[in-house]
Structures are given as structure tokens and as C-alpha cells.
>>> print(open('protein33.pdb').read())   # PDB, C-alpha atoms
ATOM      1  CA  MET A 423      12.073  14.246  -9.722
ATOM      2  CA  THR A 424       9.578  11.425 -10.289
ATOM      3  CA  ASN A 425       5.816  11.745 -10.665
ATOM      4  CA  LEU A 426       4.089   8.506  -9.702
ATOM      5  CA  GLY A 427       1.707   6.686 -12.017
ATOM      6  CA  ASN A 428      -1.953   5.779 -11.852
ATOM      7  CA  GLY A 429      -3.051   2.222 -11.230
ATOM      8  CA  ALA A 430      -2.829  -0.513  -8.617
ATOM      9  CA  TRP A 431       0.115  -0.293  -6.215
ATOM     10  CA  PRO A 432       0.561  -3.630  -4.400
ATOM     11  CA  VAL A 433       1.228  -3.381  -0.669
ATOM     12  CA  VAL A 434       3.982  -5.941  -1.000
ATOM     13  CA  PRO A 435       3.650  -8.916   1.386
ATOM     14  CA  ALA A 436       6.780 -10.006   3.240
ATOM     15  CA  ALA A 437       8.003 -13.485   2.298
ATOM     16  CA  PHE A 438       9.242 -15.685   5.140
ATOM     17  CA  THR A 439      10.849 -19.107   5.427
ATOM     18  CA  ASN A 440       9.226 -21.854   7.467
ATOM     19  CA  ALA A 441      11.383 -20.646  10.351
ATOM     20  CA  GLY A 442       9.858 -17.183  10.069
ATOM     21  CA  GLU A 443      12.936 -15.448   8.645
ATOM     22  CA  PRO A 444      12.839 -13.133   5.583
ATOM     23  CA  ASP A 445      13.165 -15.188   2.376
ATOM     24  CA  ARG A 446      15.090 -13.272  -0.296
ATOM     25  CA  ASP A 447      14.427 -15.729  -3.131
ATOM     26  CA  ALA A 448      10.680 -15.847  -2.465
ATOM     27  CA  GLN A 449      10.567 -12.058  -2.127
ATOM     28  CA  ARG A 450      12.226 -11.709  -5.521
ATOM     29  CA  ALA A 451       9.617 -14.010  -7.059
ATOM     30  CA  VAL A 452       6.774 -11.998  -5.513
ATOM     31  CA  ASN A 453       8.184  -8.678  -6.713
ATOM     32  CA  GLU A 454       8.805 -10.010 -10.221
ATOM     33  CA  TRP A 455       5.250 -11.369 -10.426
ATOM     34  CA  TYR A 456       3.891  -7.921  -9.619
ATOM     35  CA  LEU A 457       6.061  -6.370 -12.305
ATOM     36  CA  SER A 458       4.668  -8.880 -14.821
ATOM     37  CA  LYS A 459       1.145  -7.602 -14.042
ATOM     38  CA  GLY A 460       1.798  -4.054 -15.212
ATOM     39  CA  VAL A 461       1.764  -2.366 -11.817
ATOM     40  CA  PRO A 462       2.879   1.306 -11.780
ATOM     41  CA  GLY A 463       4.947   0.847  -8.623
ATOM     42  CA  LEU A 464       5.501  -1.138  -5.422
ATOM     43  CA  PHE A 465       4.677  -0.104  -1.856
ATOM     44  CA  ALA A 466       7.117  -2.007   0.344
ATOM     45  CA  VAL A 467       7.209  -1.877   4.158
ATOM     46  CA  SER A 468       3.515  -1.279   4.781
ATOM     47  CA  LEU A 469       1.103  -2.786   7.281
ATOM     48  CA  SER A 470       0.405  -5.602   4.804
ATOM     49  CA  GLY A 471       4.171  -6.040   4.536
ATOM     50  CA  GLU A 472       4.167  -6.680   8.317
ATOM     51  CA  MET A 473       6.236  -3.562   9.017
ATOM     52  CA  TYR A 474       5.481  -3.690  12.746
ATOM     53  CA  GLN A 475       6.680  -7.302  12.946
ATOM     54  CA  LEU A 476       9.996  -6.546  11.182
ATOM     55  CA  ASN A 477      12.998  -5.017  12.892
ATOM     56  CA  GLU A 478      14.641  -2.024  11.260
ATOM     57  CA  THR A 479      17.315  -4.090   9.505
ATOM     58  CA  GLU A 480      14.594  -6.268   7.987
ATOM     59  CA  ARG A 481      12.497  -3.265   6.956
ATOM     60  CA  LEU A 482      15.444  -1.677   5.195
ATOM     61  CA  ALA A 483      16.178  -4.993   3.476
ATOM     62  CA  GLN A 484      12.575  -5.223   2.224
ATOM     63  CA  ALA A 485      12.853  -1.737   0.737
ATOM     64  CA  ARG A 486      16.258  -2.427  -0.803
ATOM     65  CA  TRP A 487      15.110  -5.745  -2.290
ATOM     66  CA  ALA A 488      12.107  -4.089  -3.928
ATOM     67  CA  VAL A 489      14.383  -1.456  -5.458
ATOM     68  CA  GLU A 490      16.796  -4.130  -6.691
ATOM     69  CA  ASP A 491      14.006  -6.198  -8.223
ATOM     70  CA  ALA A 492      12.304  -3.218  -9.847
ATOM     71  CA  ALA A 493      15.677  -2.325 -11.372
ATOM     72  CA  GLY A 494      14.464   1.088 -12.467
ATOM     73  CA  ARG A 495      11.469  -0.295 -14.368
ATOM     74  CA  ILE A 496       8.949   1.132 -11.897
ATOM     75  CA  PRO A 497       9.245   3.317  -8.783
ATOM     76  CA  VAL A 498       9.266   1.910  -5.255
ATOM     77  CA  VAL A 499       7.962   3.632  -2.128
ATOM     78  CA  ALA A 500       8.574   2.326   1.376
ATOM     79  CA  GLY A 501       7.442   3.106   4.890
ATOM     80  CA  ALA A 502       9.805   4.559   7.491
ATOM     81  CA  LEU A 503       9.151   3.903  11.186
ATOM     82  CA  PRO A 504      10.771   5.916  13.983
ATOM     83  CA  GLU A 505      12.825   3.832  16.417
ATOM     84  CA  GLY A 506      13.216   4.197  20.161
ATOM     85  CA  VAL A 507      10.461   6.741  20.817
ATOM     86  CA  ALA A 508       8.943   6.575  24.294
ATOM     87  CA  ASP A 509       5.218   7.103  24.770
ATOM     88  CA  GLY A 510       4.419  10.798  24.748
ATOM     89  CA  ASP A 511       7.735  11.856  23.223
ATOM     90  CA  ASP A 512       8.022  13.892  20.024
ATOM     91  CA  PRO A 513       8.911  11.355  17.284
ATOM     92  CA  THR A 514      10.063  13.925  14.719
ATOM     93  CA  VAL A 515      13.835  13.520  15.128
ATOM     94  CA  ALA A 516      13.567   9.712  15.104
ATOM     95  CA  THR A 517      11.326   9.918  12.037
ATOM     96  CA  ILE A 518      13.871  12.097  10.214
ATOM     97  CA  ASP A 519      16.587   9.545  11.031
ATOM     98  CA  ALA A 520      14.376   6.718   9.719
ATOM     99  CA  ILE A 521      13.649   8.681   6.532
ATOM    100  CA  GLN A 522      17.335   9.147   5.866
ATOM    101  CA  ARG A 523      18.128   5.456   6.377
ATOM    102  CA  THR A 524      15.201   4.395   4.188
ATOM    103  CA  ALA A 525      16.214   6.861   1.462
ATOM    104  CA  GLU A 526      19.631   5.196   1.314
ATOM    105  CA  THR A 527      17.953   2.012   0.001
ATOM    106  CA  GLY A 528      17.203   3.858  -3.245
ATOM    107  CA  VAL A 529      13.423   4.149  -2.957
ATOM    108  CA  THR A 530      11.676   6.851  -4.963
ATOM    109  CA  SER A 531       9.649   8.134  -1.999
ATOM    110  CA  VAL A 532       9.782   7.489   1.736
ATOM    111  CA  VAL A 533       6.319   7.047   3.242
ATOM    112  CA  LEU A 534       5.498   8.513   6.659
ATOM    113  CA  ILE A 535       2.932   6.872   8.935
ATOM    114  CA  SER A 536       0.410   9.479  10.084
ATOM    115  CA  SER A 537      -0.508   7.601  13.271
ATOM    116  CA  LEU A 538       3.151   7.436  14.348
ATOM    117  CA  LEU A 539       3.760  11.171  13.913
ATOM    118  CA  VAL A 540       1.160  12.316  16.456
ATOM    119  CA  THR A 541      -0.972  10.850  19.229
ATOM    120  CA  PRO A 542      -4.771  10.669  19.042
ATOM    121  CA  GLU A 543      -4.905  13.598  21.452
ATOM    122  CA  ASP A 544      -2.670  15.882  19.361
ATOM    123  CA  GLY A 545      -4.409  18.525  17.289
ATOM    124  CA  ASP A 546      -3.995  18.899  13.542
ATOM    125  CA  GLU A 547      -1.636  21.824  14.116
ATOM    126  CA  VAL A 548       0.857  19.476  15.805
ATOM    127  CA  LEU A 549       1.003  17.250  12.751
ATOM    128  CA  THR A 550       1.368  20.312  10.527
ATOM    129  CA  GLU A 551       4.299  21.591  12.577
ATOM    130  CA  ARG A 552       6.031  18.199  12.501
ATOM    131  CA  LEU A 553       5.553  17.863   8.760
ATOM    132  CA  HIS A 554       7.189  21.278   8.302
ATOM    133  CA  ARG A 555      10.180  20.135  10.351
ATOM    134  CA  ILE A 556      10.490  16.915   8.360
ATOM    135  CA  ILE A 557      10.312  18.776   5.048
ATOM    136  CA  ASP A 558      13.003  21.204   6.183
ATOM    137  CA  ALA A 559      15.333  18.477   7.460
ATOM    138  CA  THR A 560      15.182  16.103   4.469
ATOM    139  CA  THR A 561      15.568  16.189   0.693
ATOM    140  CA  VAL A 562      14.034  12.898  -0.470
ATOM    141  CA  ASP A 563      10.482  12.719  -1.864
ATOM    142  CA  LEU A 564       7.915  11.747   0.750
ATOM    143  CA  GLY A 565       4.538  10.046   1.096
ATOM    144  CA  LEU A 566       1.913   9.672   3.807
ATOM    145  CA  TYR A 567      -0.012   6.553   4.789
ATOM    146  CA  GLU A 568      -3.080   6.707   7.034
ATOM    147  CA  CYS A 569      -2.173   3.384   8.632
ATOM    148  CA  PRO A 570      -5.037   2.204  10.884
ATOM    149  CA  ILE A 571      -2.605   0.832  13.503
ATOM    150  CA  PRO A 572      -1.909   1.976  16.204
ATOM    151  CA  TYR A 573      -4.904   4.163  15.349
ATOM    152  CA  LYS A 574      -6.274   5.770  12.202
ATOM    153  CA  ARG A 575      -5.204   9.386  11.677
ATOM    154  CA  VAL A 576      -6.967  10.790   8.618
ATOM    155  CA  LEU A 577      -5.290  13.844   7.118
ATOM    156  CA  ALA A 578      -6.915  17.259   7.473
ATOM    157  CA  ASP A 579      -7.218  19.894   4.744
ATOM    158  CA  GLU A 580      -4.223  21.812   6.082
ATOM    159  CA  HIS A 581      -2.028  18.738   5.725
ATOM    160  CA  LEU A 582      -3.074  18.180   2.126
ATOM    161  CA  ARG A 583      -2.433  21.830   1.279
ATOM    162  CA  LEU A 584       1.012  21.647   2.854
ATOM    163  CA  MET A 585       1.913  18.471   0.986
ATOM    164  CA  ALA A 586       0.757  19.923  -2.317
ATOM    165  CA  SER A 587       2.537  23.257  -1.891
ATOM    166  CA  SER A 588       5.805  21.744  -0.642
ATOM    167  CA  ASP A 589       6.413  19.901  -3.951
ATOM    168  CA  ARG A 590       7.953  17.121  -1.866
ATOM    169  CA  PHE A 591       5.050  14.691  -1.418
ATOM    170  CA  THR A 592       4.156  12.191  -4.116
ATOM    171  CA  PHE A 593       2.180   9.358  -2.472
ATOM    172  CA  VAL A 594      -0.883   9.378  -0.207
ATOM    173  CA  LYS A 595      -2.609   6.172   0.822
ATOM    174  CA  ASP A 596      -6.109   7.039   2.018
ATOM    175  CA  THR A 597      -7.820   4.703   4.474
ATOM    176  CA  SER A 598     -10.846   6.851   5.281
ATOM    177  CA  HIS A 599     -13.110   4.503   3.281
ATOM    178  CA  ASP A 600     -15.160   7.590   2.483
ATOM    179  CA  VAL A 601     -15.488   8.724  -1.142
ATOM    180  CA  ALA A 602     -16.223  12.295  -0.079
ATOM    181  CA  VAL A 603     -12.974  12.427   1.897
ATOM    182  CA  LEU A 604     -11.085  10.937  -1.024
ATOM    183  CA  ALA A 605     -12.586  13.486  -3.387
ATOM    184  CA  ARG A 606     -11.558  16.288  -1.032
ATOM    185  CA  LYS A 607      -7.982  15.011  -0.964
ATOM    186  CA  ALA A 608      -7.908  14.907  -4.765
ATOM    187  CA  GLU A 609      -9.345  18.428  -4.991
ATOM    188  CA  LEU A 610      -6.847  19.918  -2.540
ATOM    189  CA  THR A 611      -3.846  18.352  -4.281
ATOM    190  CA  ARG A 612      -4.926  18.774  -7.902
ATOM    191  CA  GLY A 613      -2.104  20.077 -10.071
ATOM    192  CA  SER A 614       0.568  19.024  -7.600
ATOM    193  CA  ARG A 615       2.852  15.980  -7.502
ATOM    194  CA  VAL A 616       0.666  14.309  -4.874
ATOM    195  CA  ARG A 617      -1.062  11.121  -6.003
ATOM    196  CA  VAL A 618      -3.967   9.820  -3.909
ATOM    197  CA  TYR A 619      -4.591   6.066  -3.774
ATOM    198  CA  ASN A 620      -7.727   4.417  -2.406
ATOM    199  CA  ALA A 621      -7.509   1.365  -0.115
ATOM    200  CA  GLN A 622     -11.139   0.230  -0.587
ATOM    201  CA  ALA A 623     -11.994  -1.947  -3.573
ATOM    202  CA  HIS A 624     -15.709  -1.255  -3.926
ATOM    203  CA  SER A 625     -15.266   2.526  -4.344
ATOM    204  CA  VAL A 626     -12.370   2.590  -6.792
ATOM    205  CA  VAL A 627     -14.366   3.722  -9.820
ATOM    206  CA  GLN A 628     -15.980   6.586  -7.937
ATOM    207  CA  SER A 629     -12.665   7.675  -6.456
ATOM    208  CA  VAL A 630     -11.065   7.789  -9.913
ATOM    209  CA  HIS A 631     -14.016   9.831 -11.204
ATOM    210  CA  ASP A 632     -13.396  12.233  -8.318
ATOM    211  CA  GLY A 633      -9.743  12.731  -9.223
ATOM    212  CA  GLY A 634      -8.045   9.884  -7.370
ATOM    213  CA  HIS A 635      -5.137   8.065  -8.955
ATOM    214  CA  GLY A 636      -5.763   4.425  -8.220
ATOM    215  CA  PHE A 637      -5.620   1.772  -5.543
ATOM    216  CA  SER A 638      -3.250   0.457  -2.890
ATOM    217  CA  GLY A 639      -4.825  -2.182  -0.705
ATOM    218  CA  TRP A 640      -5.414  -5.843   0.062
ATOM    219  CA  VAL A 641      -6.929  -7.113  -3.160
ATOM    220  CA  GLY A 642      -4.165  -5.475  -5.196
ATOM    221  CA  ASN A 643      -1.875  -8.104  -3.693
ATOM    222  CA  ILE A 644      -3.638 -10.980  -5.431
ATOM    223  CA  LEU A 645      -5.298  -9.315  -8.449
ATOM    224  CA  PRO A 646      -3.031  -6.380  -9.352
ATOM    225  CA  GLY A 647      -3.561  -6.713 -13.088
ATOM    226  CA  LEU A 648      -7.339  -6.737 -12.846
ATOM    227  CA  MET A 649      -7.332  -3.795 -10.423
ATOM    228  CA  GLY A 650      -4.970  -1.919 -12.730
ATOM    229  CA  TRP A 651      -7.358  -2.540 -15.601
ATOM    230  CA  LEU A 652     -10.242  -1.182 -13.523
ATOM    231  CA  VAL A 653      -8.375   2.030 -12.713
ATOM    232  CA  GLU A 654      -7.422   2.494 -16.351
ATOM    233  CA  HIS A 655     -10.986   1.921 -17.586
ATOM    234  CA  ALA A 656     -12.904   3.590 -14.744
ATOM    235  CA  HIS A 657     -14.287   6.257 -17.092
ATOM    236  CA  ASP A 658     -15.433   3.783 -19.756
ATOM    237  CA  ASP A 659     -19.151   3.411 -20.455
ATOM    238  CA  ASP A 660     -18.876  -0.357 -20.321
ATOM    239  CA  PRO A 661     -20.790  -2.820 -18.092
ATOM    240  CA  GLN A 662     -17.540  -4.743 -17.712
ATOM    241  CA  VAL A 663     -16.254  -1.964 -15.445
ATOM    242  CA  LEU A 664     -18.974  -2.506 -12.839
ATOM    243  CA  ARG A 665     -18.611  -6.278 -13.178
ATOM    244  CA  VAL A 666     -14.890  -6.096 -12.436
ATOM    245  CA  GLN A 667     -15.331  -3.743  -9.484
ATOM    246  CA  ARG A 668     -17.925  -6.098  -7.962
ATOM    247  CA  ALA A 669     -15.584  -9.062  -8.402
ATOM    248  CA  LEU A 670     -12.730  -7.198  -6.750
ATOM    249  CA  SER A 671     -14.971  -6.145  -3.862
ATOM    250  CA  VAL A 672     -15.883  -9.785  -3.262
ATOM    251  CA  ALA A 673     -12.219 -10.814  -3.526
ATOM    252  CA  GLU A 674     -11.254  -8.244  -0.909
ATOM    253  CA  ALA A 675     -13.828  -9.640   1.510
ATOM    254  CA  ALA A 676     -12.784 -13.228   0.753
ATOM    255  CA  LEU A 677      -9.255 -12.516   2.019
ATOM    256  CA  GLY A 678     -10.904 -12.145   5.421
ATOM    257  CA  SER A 679      -9.437 -12.202   8.900
ATOM    258  CA  ASN A 680      -6.549 -14.476   7.873
ATOM    259  CA  TYR A 681      -4.888 -11.728   5.840
ATOM    260  CA  PRO A 682      -2.000 -11.446   4.962
ATOM    261  CA  SER A 683      -1.577 -15.227   5.138
ATOM    262  CA  SER A 684      -4.646 -15.614   2.910
ATOM    263  CA  ALA A 685      -3.078 -13.394   0.247
ATOM    264  CA  LYS A 686       0.178 -15.344   0.357
ATOM    265  CA  TRP A 687      -1.764 -18.609   0.100
ATOM    266  CA  THR A 688      -3.639 -17.293  -2.943
ATOM    267  CA  LEU A 689      -0.437 -16.170  -4.660
ATOM    268  CA  ARG A 690       1.055 -19.633  -4.221
ATOM    269  CA  GLU A 691      -1.923 -21.932  -4.720
ATOM    270  CA  CYS A 692      -3.758 -20.013  -7.450
ATOM    271  CA  PHE A 693      -0.927 -18.257  -9.308
ATOM    272  CA  GLY A 694       2.144 -20.377  -8.638
ATOM    273  CA  VAL A 695       4.157 -17.682  -6.883
ATOM    274  CA  PRO A 696       6.576 -19.508  -4.539
ATOM    275  CA  ILE A 697       5.707 -17.737  -1.277
ATOM    276  CA  LEU A 698       4.773 -19.542   1.931
ATOM    277  CA  ASP A 699       1.734 -18.372   3.887
ATOM    278  CA  VAL A 700       3.958 -17.928   6.955
ATOM    279  CA  SER A 701       3.171 -14.633   8.691
ATOM    280  CA  ARG A 702       4.425 -12.921  11.819
ATOM    281  CA  MET A 703       1.309 -10.753  11.871
ATOM    282  CA  SER A 704      -1.114 -13.688  11.780
ATOM    283  CA  PRO A 705       0.987 -16.669  12.944
ATOM    284  CA  ASN A 706      -2.090 -18.687  13.835
ATOM    285  CA  ALA A 707      -4.025 -18.068  10.626
ATOM    286  CA  ASN A 708      -6.806 -20.601  10.193
ATOM    287  CA  LEU A 709      -6.053 -21.550   6.596
ATOM    288  CA  THR A 710      -8.295 -24.567   6.155
ATOM    289  CA  PRO A 711     -10.311 -25.677   3.108
ATOM    290  CA  HIS A 712     -13.251 -23.921   4.736
ATOM    291  CA  THR A 713     -11.456 -20.558   4.658
ATOM    292  CA  THR A 714      -9.467 -20.943   1.429
ATOM    293  CA  GLN A 715     -11.989 -22.625  -0.902
ATOM    294  CA  PRO A 716     -13.905 -19.364  -1.512
ATOM    295  CA  LEU A 717     -10.675 -17.774  -2.754
ATOM    296  CA  ARG A 718      -9.922 -20.745  -4.989
ATOM    297  CA  ASP A 719     -13.483 -20.697  -6.344
ATOM    298  CA  LEU A 720     -13.412 -16.958  -6.990
ATOM    299  CA  ILE A 721     -10.128 -17.137  -8.892
ATOM    300  CA  ALA A 722     -11.547 -20.021 -10.939
ATOM    301  CA  LEU A 723     -14.675 -18.006 -11.761
ATOM    302  CA  LEU A 724     -12.570 -15.033 -12.846
ATOM    303  CA  ALA A 725     -10.486 -17.318 -15.048
ATOM    304  CA  GLU A 726     -13.591 -18.855 -16.647
ATOM    305  CA  ALA A 727     -14.854 -15.346 -17.411
ATOM    306  CA  ASP A 728     -11.473 -14.427 -18.972
ATOM    307  CA  LEU A 729     -11.091 -11.617 -16.452
ATOM    308  CA  LEU A 730      -7.667 -12.716 -15.253
ATOM    309  CA  GLU A 731      -6.285 -11.784 -18.663
ATOM    310  CA  LEU A 732      -7.178  -8.127 -18.111
ATOM    311  CA  GLN A 733      -4.408  -5.801 -17.044
ATOM    312  CA  PRO A 734      -3.270  -2.282 -17.930
TER
END
>>> encode(input="protein33.pdb", output="C-alpha cells")
Amino acid sequence: MTNLGNGAWPVVPAAFTNAGEPDRDAQRAVNEWYLSKGVPGLFAVSLSGEMYQLNETERLAQARWAVEDAAGRIPVVAGALPEGVADGDDPTVATIDAIQRTAETGVTSVVLISSLLVTPEDGDEVLTERLHRIIDATTVDLGLYECPIPYKRVLADEHLRLMASSDRFTFVKDTSHDVAVLARKAELTRGSRVRVYNAQAHSVVQSVHDGGHGFSGWVGNILPGLMGWLVEHAHDDDPQVLRVQRALSVAEAALGSNYPSSAKWTLRECFGVPILDVSRMSPNANLTPHTTQPLRDLIALLAEADLLELQP
């Protein structure tokens, strides 16, 4: 039974060849770079990892590769997507099947996608009932991700209470972008195994003050060490804390509409990680000097201020 750690969990980008196929060697390099930055864990097979553009075989490979590269040094969580569910059908059985296949890759927790478990029209009680069925039918540790695609389904109080009391949920990625909602999640799960991670850079310090456990979002892909430092030092009475949060907020915005290609470009061009900016999610990303120079300039400014040396 593993309790997850505080800090910055990268939403691991998928590495592709020029032909658009998964690149095992590049993926290994990406995962190893994250480990070198002191991250507490990896979130593979997320929206940033282009989970909707991967087939199931590729998704399972991404999860398995992350586990292999982590080699027991840190935990790995990975998303599980139900297959073959027609519009309007109950996805619970297909979700349970996907959980079991994902668990076989060796991940620490299998992450459910809230917006794939119920439709926008379904009430909170439907999600509660389906979570009960999933808990009863599986044994692996679970997580929940409020993925904004196909729509954003933010968890209700009853879902948080269920996750906390079940002793089966370890990972929640919040995408409400609302510090009050984050604080409520932390309050409802306090004392349990549930860890709540923010996806919004500019509110990280406040969310940690309110009982949150860290960050899992875009900017953690390019500055995981600095974000990890911020989480670790969020309670410090030090002007450096606000300075770092402001820098990370700007970095998040600089990734812009070309994400995740922009993050892959930054990893390669600014940090020497051998990943191409090829993306199935944004195949026509407009990566020109006009769009990438702000990222290059920001990384240079952080380096000149010795902020890139900070990590947990």
C-alpha cells in the first residue's frame, strides 16, 4: 500500500518519431530527465500525454515504459480509458476492464477519467454508484482526473467522501481552477490516502496552504524541479516563494495554444532532452521563432536568476 508524495507530478508527454509513432528511446530520456529533477512520481497517459490520440496498445505501453524507467524509485500513475462504449451506454464494465489491463503494467495507481464515467446530464448520484461498482470489482489503487475533455466533470462532496472512506483512492487531479474548491477537496479527504494535486500554476501556494499536496499540470512538464521547490517551500516566509510562483505562472501561459508541442520543444531546445515536438494532438502546431522565443527568453531569465538550480 503506497501513499503518494507531495510535489510536482509531471503529466508525461508522449514522445513520437518523425513518422508519428511512439519513440521508446526518446520516452526513456524524458522519463529519466524527470527523475533527475526530484519529482515524487509520474502521471503517464493523461491528456498532456495525448491519451485520446493513442490506441489502447500504445497507452498501455506508455504506462509500462514509465514503470520500467522509474524502476521502483518513484511511483507511477496512469490513466485508463474505457474502450468500445457507445454514446449513452454505461461505461462501468469497460472501465473495469481498462483498469485491470492498466494495472497489469505495474503502475501504483490507475487513474479514472471523471468525464468518461458519466455524461454531462447524469447526476452526481450516478457517478457515486459507478464508483462503488468499480471499487467492488477491482483491487488496485485508484485515482481520479477531472479531465476537461470531452467535458469537465468536477467532483462533488459525496465523491470525495467516498474516495476517502474507501481507502482505495490515492490521486486526485483537480482542474476546477478554483482555490475554494481545492480547499474543500483537501478538507474532505484529510487524514485519508487521497492526495489532491492542483493543475493551475498561479494558485499553487494557496492550495498548499489549504491542504493540497502539490501540482500536476502543464508547466510541471518543463520546470518540474522549480515547481517541486515551490511546493516544498510554500509555507516559507520568503519573497523568493512569490517570485517563483509568478515565474511559473508566466511559463504556463507561455506554453500557449501550441501545447504539448511547445513543451516538447522546450525540453529539447532549452534542456537538451532528445524529444521531437511531433504531436498527434496538435499536428499543425505553429512553432515559429515568434511563438518559441518567449519560452527561450523565460528559461534564460530563470537561469540568470539561478532559479533553475532550485528543486526539492
>>> residues_near_point(input="protein33.pdb", point="(10.0, -21.3, 2.3)", cutoff="6 Å", atoms="only C-alpha atoms", output="PyMOL selection string")
chain A and resi 439-440+698
>>> closest_residue(input="protein33.pdb", among="A:Ala516, A:Leu538, A:Ala436, A:Ala578", to="Glu480 (chain A)", atoms="all atoms listed in the file")
A:Ala436
>>> resolve_selection(input="protein33.pdb", expression="the PyMOL selection byres ((chain A and resi 596-613) around 10)", output="number ranges by chain")
A: 566-570, 574-587, 593-595, 614-626, 628-635, 637-639
>>> closest_residue(input="protein33.pdb", among="A:Gly650, A:Pro682, A:Gly442, A:Pro432", to="Gln667 (chain A)", atoms="all atoms listed in the file")
A:Gly650
>>> residues_around(input="protein33.pdb", residues="Val695 (chain A)", least_positions_apart="3", cutoff="8 Å", atoms="only C-alpha atoms", output="number ranges by chain")
A: 451-452, 455, 689-691
>>> write_last_selection(input="protein33.pdb", atoms="C-alpha atoms", output="JSON list (two decimals), in the frame of the given file")
[["chain", "number", "residue", "atom", "x", "y", "z"],
["A", 451, "ALA", "CA", 9.62, -14.01, -7.06],
["A", 452, "VAL", "CA", 6.77, -12.00, -5.51],
["A", 455, "TRP", "CA", 5.25, -11.37, -10.43],
["A", 689, "LEU", "CA", -0.44, -16.17, -4.66],
["A", 690, "ARG", "CA", 1.06, -19.63, -4.22],
["A", 691, "GLU", "CA", -1.92, -21.93, -4.72]]
>>> axis_aligned_box(input="protein33.pdb", around="region 554-559 of chain A", padding_each_side="4 Å", output="lines of an AutoDock Vina configuration file")
center_x = 11.3
center_y = 19.1
center_z = 7.7
size_x = 16.1
size_y = 12.4
size_z = 13.3
>>> closest_residue(input="protein33.pdb", among="A:Leu709, A:Leu503, A:Leu469, A:Leu670", to="Ile571 (chain A)", atoms="only C-alpha atoms")
A:Leu469
>>> closest_residue(input="protein33.pdb", among="A:Pro661, A:Pro444, A:Gly460, A:Gly427", to="Pro497 (chain A)", atoms="only C-alpha atoms")
A:Gly427
>>> closest_residue(input="protein33.pdb", among="A:Asn706, A:Asn643, A:Asn425, A:Thr561", to="Lys459 (chain A)", atoms="only C-alpha atoms")
A:Asn643
>>> closest_residue(input="protein33.pdb", among="A:Asp589, A:Asp719, A:Glu478, A:Glu490", to="Glu505 (chain A)", atoms="only C-alpha atoms")
A:Glu478
>>> resolve_selection(input="protein33.pdb", expression="the PyMOL selection byres ((chain A and resi 564) around 12)", output="VMD selection string")
chain A and resid 423 to 426 498 to 502 517 to 518 521 to 522 524 to 525 529 to 535 553 556 to 557 560 to 563 565 to 567 585 to 586 588 to 595 615 to 617
>>> atom_distance(input="protein33.pdb", atom1="CA of Val467 (chain A)", atom2="CA of Arg718 (chain A)")
27.1 Å
>>> residues_around(input="protein33.pdb", residues="Arg450 (chain A)", least_positions_apart="3", cutoff="8 Å", atoms="all atoms listed in the file", output="list in words")
Arg446, Asp447, Asn453, Glu454, Trp487, Ala488 and Asp491 of chain A
>>> build_atoms(input="protein33.pdb", residues="region 707-712 of chain A", atoms="all heavy atoms", output="mmCIF file, keeping the file's coordinate frame")
data_model
loop_
_atom_site.group_PDB
_atom_site.id
_atom_site.type_symbol
_atom_site.label_atom_id
_atom_site.label_comp_id
_atom_site.auth_asym_id
_atom_site.auth_seq_id
_atom_site.Cartn_x
_atom_site.Cartn_y
_atom_site.Cartn_z
ATOM 1 N N ALA A 707 -2.971 -18.176 11.635
ATOM 2 C CA ALA A 707 -4.025 -18.068 10.626
ATOM 3 C C ALA A 707 -4.696 -19.420 10.400
ATOM 4 O O ALA A 707 -4.034 -20.449 10.283
ATOM 5 C CB ALA A 707 -3.440 -17.550 9.316
ATOM 6 N N ASN A 708 -6.012 -19.380 10.326
ATOM 7 C CA ASN A 708 -6.806 -20.601 10.193
ATOM 8 C C ASN A 708 -7.038 -20.900 8.713
ATOM 9 O O ASN A 708 -8.147 -20.793 8.194
ATOM 10 C CB ASN A 708 -8.142 -20.423 10.928
ATOM 11 C CG ASN A 708 -8.955 -21.686 10.954
ATOM 12 O OD1 ASN A 708 -8.407 -22.794 10.931
ATOM 13 N ND2 ASN A 708 -10.268 -21.542 10.985
ATOM 14 N N LEU A 709 -5.956 -21.268 8.023
ATOM 15 C CA LEU A 709 -6.053 -21.550 6.596
ATOM 16 C C LEU A 709 -6.443 -23.008 6.394
ATOM 17 O O LEU A 709 -5.601 -23.902 6.271
ATOM 18 C CB LEU A 709 -4.724 -21.233 5.890
ATOM 19 C CG LEU A 709 -4.328 -19.761 5.895
ATOM 20 C CD1 LEU A 709 -2.988 -19.579 5.211
ATOM 21 C CD2 LEU A 709 -5.385 -18.912 5.217
ATOM 22 N N THR A 710 -7.732 -23.238 6.382
ATOM 23 C CA THR A 710 -8.295 -24.567 6.155
ATOM 24 C C THR A 710 -9.076 -24.527 4.850
ATOM 25 O O THR A 710 -9.342 -23.454 4.299
ATOM 26 C CB THR A 710 -9.247 -24.935 7.302
ATOM 27 O OG1 THR A 710 -10.390 -24.056 7.244
ATOM 28 C CG2 THR A 710 -8.560 -24.781 8.659
ATOM 29 N N PRO A 711 -9.466 -25.702 4.307
ATOM 30 C CA PRO A 711 -10.311 -25.677 3.108
ATOM 31 C C PRO A 711 -11.560 -24.825 3.274
ATOM 32 O O PRO A 711 -12.042 -24.222 2.315
ATOM 33 C CB PRO A 711 -10.649 -27.160 2.907
ATOM 34 C CG PRO A 711 -9.470 -27.884 3.476
ATOM 35 C CD PRO A 711 -9.042 -27.071 4.670
ATOM 36 N N HIS A 712 -12.063 -24.735 4.490
ATOM 37 C CA HIS A 712 -13.251 -23.921 4.736
ATOM 38 C C HIS A 712 -12.976 -22.441 4.470
ATOM 39 O O HIS A 712 -13.839 -21.716 3.963
ATOM 40 C CB HIS A 712 -13.725 -24.120 6.182
ATOM 41 C CG HIS A 712 -14.885 -23.254 6.565
ATOM 42 N ND1 HIS A 712 -16.164 -23.476 6.093
ATOM 43 C CD2 HIS A 712 -14.968 -22.156 7.370
ATOM 44 C CE1 HIS A 712 -16.975 -22.562 6.586
ATOM 45 N NE2 HIS A 712 -16.282 -21.741 7.355
#
